[in-house]
>>> print(open('model_27.cif').read())   # mmCIF, C-alpha atoms
data_coords
#
loop_
_atom_site.label_atom_id
_atom_site.label_comp_id
_atom_site.auth_asym_id
_atom_site.auth_seq_id
_atom_site.Cartn_x
_atom_site.Cartn_y
_atom_site.Cartn_z
CA MET A 1 43.78 10.63 -30.74
CA THR A 2 43.46 7.44 -28.69
CA ASP A 3 41.49 4.26 -29.27
CA GLU A 4 40.20 4.19 -25.69
CA PRO A 5 36.48 4.90 -25.31
CA GLU A 6 35.48 8.11 -23.62
CA LEU A 7 33.36 8.05 -20.49
CA ASN A 8 30.24 9.07 -22.44
CA ASP A 9 30.75 6.18 -24.88
CA LEU A 10 30.56 3.48 -22.20
CA PRO A 11 27.26 1.63 -21.85
CA GLN A 12 25.21 2.70 -18.85
CA GLU A 13 23.77 0.09 -16.50
CA ALA A 14 19.99 0.04 -16.63
CA GLU A 15 18.30 1.29 -13.49
CA PRO A 16 16.28 -1.52 -11.87
CA THR A 17 12.51 -1.08 -12.19
CA ILE A 18 9.35 -2.96 -11.29
CA ARG A 19 5.84 -2.56 -12.67
CA LEU A 20 3.28 -1.00 -10.34
CA ASP A 21 0.93 -3.99 -10.48
CA GLN A 22 3.79 -6.39 -9.69
CA PHE A 23 4.93 -4.22 -6.78
CA ILE A 24 1.44 -4.13 -5.25
CA LYS A 25 1.17 -7.90 -5.50
CA LEU A 26 4.67 -8.48 -4.05
CA CYS A 27 3.87 -6.22 -1.09
CA GLY A 28 0.92 -8.48 -0.31
CA LEU A 29 -1.69 -5.76 -0.74
CA VAL A 30 -3.67 -7.99 -3.12
CA GLY A 31 -3.69 -11.68 -3.92
CA THR A 32 -3.68 -11.54 -7.71
CA GLY A 33 -2.56 -9.37 -10.58
CA GLY A 34 -6.21 -8.97 -11.54
CA GLN A 35 -6.99 -7.42 -8.17
CA ALA A 36 -4.02 -5.07 -8.56
CA LYS A 37 -5.31 -4.03 -11.97
CA LEU A 38 -8.74 -3.19 -10.54
CA ILE A 39 -7.51 -0.97 -7.71
CA ILE A 40 -5.03 0.82 -9.97
CA GLN A 41 -7.57 1.49 -12.72
CA ALA A 42 -10.09 2.68 -10.11
CA GLY A 43 -7.66 5.46 -9.19
CA GLU A 44 -7.12 4.17 -5.65
CA VAL A 45 -3.31 4.04 -5.85
CA LEU A 46 -0.97 7.00 -5.44
CA VAL A 47 2.62 7.05 -6.71
CA ASN A 48 4.75 9.84 -5.30
CA GLY A 49 1.57 11.60 -4.12
CA GLU A 50 -0.26 11.49 -7.46
CA VAL A 51 -3.07 9.20 -8.62
CA GLU A 52 -1.69 6.56 -11.00
CA THR A 53 -4.01 4.55 -13.24
CA ARG A 54 -1.38 2.85 -15.42
CA ARG A 55 -0.76 -0.61 -14.03
CA ARG A 56 2.42 -0.99 -16.08
CA ARG A 57 3.93 2.20 -14.65
CA GLN A 58 7.61 1.52 -14.07
CA LEU A 59 8.62 2.21 -10.47
CA ARG A 60 12.18 3.14 -9.60
CA LEU A 61 14.24 3.20 -6.42
CA GLY A 62 12.77 5.66 -3.93
CA ASP A 63 9.28 5.87 -5.48
CA VAL A 64 6.51 5.91 -2.86
CA VAL A 65 3.30 3.91 -3.39
CA GLU A 66 0.19 4.54 -1.26
CA TRP A 67 -3.02 2.51 -1.05
CA ALA A 68 -5.70 2.07 1.62
CA GLY A 69 -3.75 4.10 4.16
CA GLU A 70 -0.55 2.09 3.71
CA VAL A 71 2.68 3.59 2.37
CA PHE A 72 5.49 1.64 0.70
CA GLU A 73 8.83 2.82 -0.67
CA VAL A 74 10.52 1.00 -3.54
CA GLU A 75 13.83 -0.44 -2.31
CA LEU A 76 16.48 -2.68 -3.82
CA ASN A 77 17.32 -5.91 -2.01
CA ALA A 78 20.72 -7.13 -3.14
#
>>> encode(input="model_27.cif", output="structure tokens")
Amino acid sequence: MTDEPELNDLPQEAEPTIRLDQFIKLCGLVGTGGQAKLIIQAGEVLVNGEVETRRRRQLRLGDVVEWAGEVFEVELNA
């Protein structure tokens, strides 16, 4: 038996995420978080092809957001 940790025991790095309302604002689709909230709650935003009404939905790398005919993919800028 060794004192070295096994691979499964090592802490995993958290996957980077961004909230849907923040993403919409950062993309310049709206001017304020309040406007983002309104379009999300109205069911106007699609995430990965499905209507999303939760403004705090956590987006991950590769998620696709659609609104008003525009399509955006979540990417990581290092």
>>> residues_around(input="model_27.cif", residues="Glu75 of chain A", least_positions_apart="2", cutoff="12 Å", atoms="all atoms listed in the file", output="ChimeraX atom specification")
/A:16-18,23,27,59-65,72-73,77-78
>>> atom_distance(input="model_27.cif", atom1="atom CA of Gln58 of chain A", atom2="atom CA of Arg19 of chain A")
4.7 Å
>>> residues_around(input="model_27.cif", residues="Gly33 of chain A", least_positions_apart="5", cutoff="10 Å", atoms="only C-alpha atoms", output="PyMOL selection string")
chain A and resi 21-26+38+55
>>> resolve_selection(input="model_27.cif", expression="the PyMOL selection byres ((chain A and resi 51) around 12)", output="ChimeraX atom specification")
/A:39-50,52-55,57,64-67
>>> atom_distance(input="model_27.cif", atom1="atom CA of Ala14 of chain A", atom2="atom CA of Gln35 of chain A")
29.2 Å
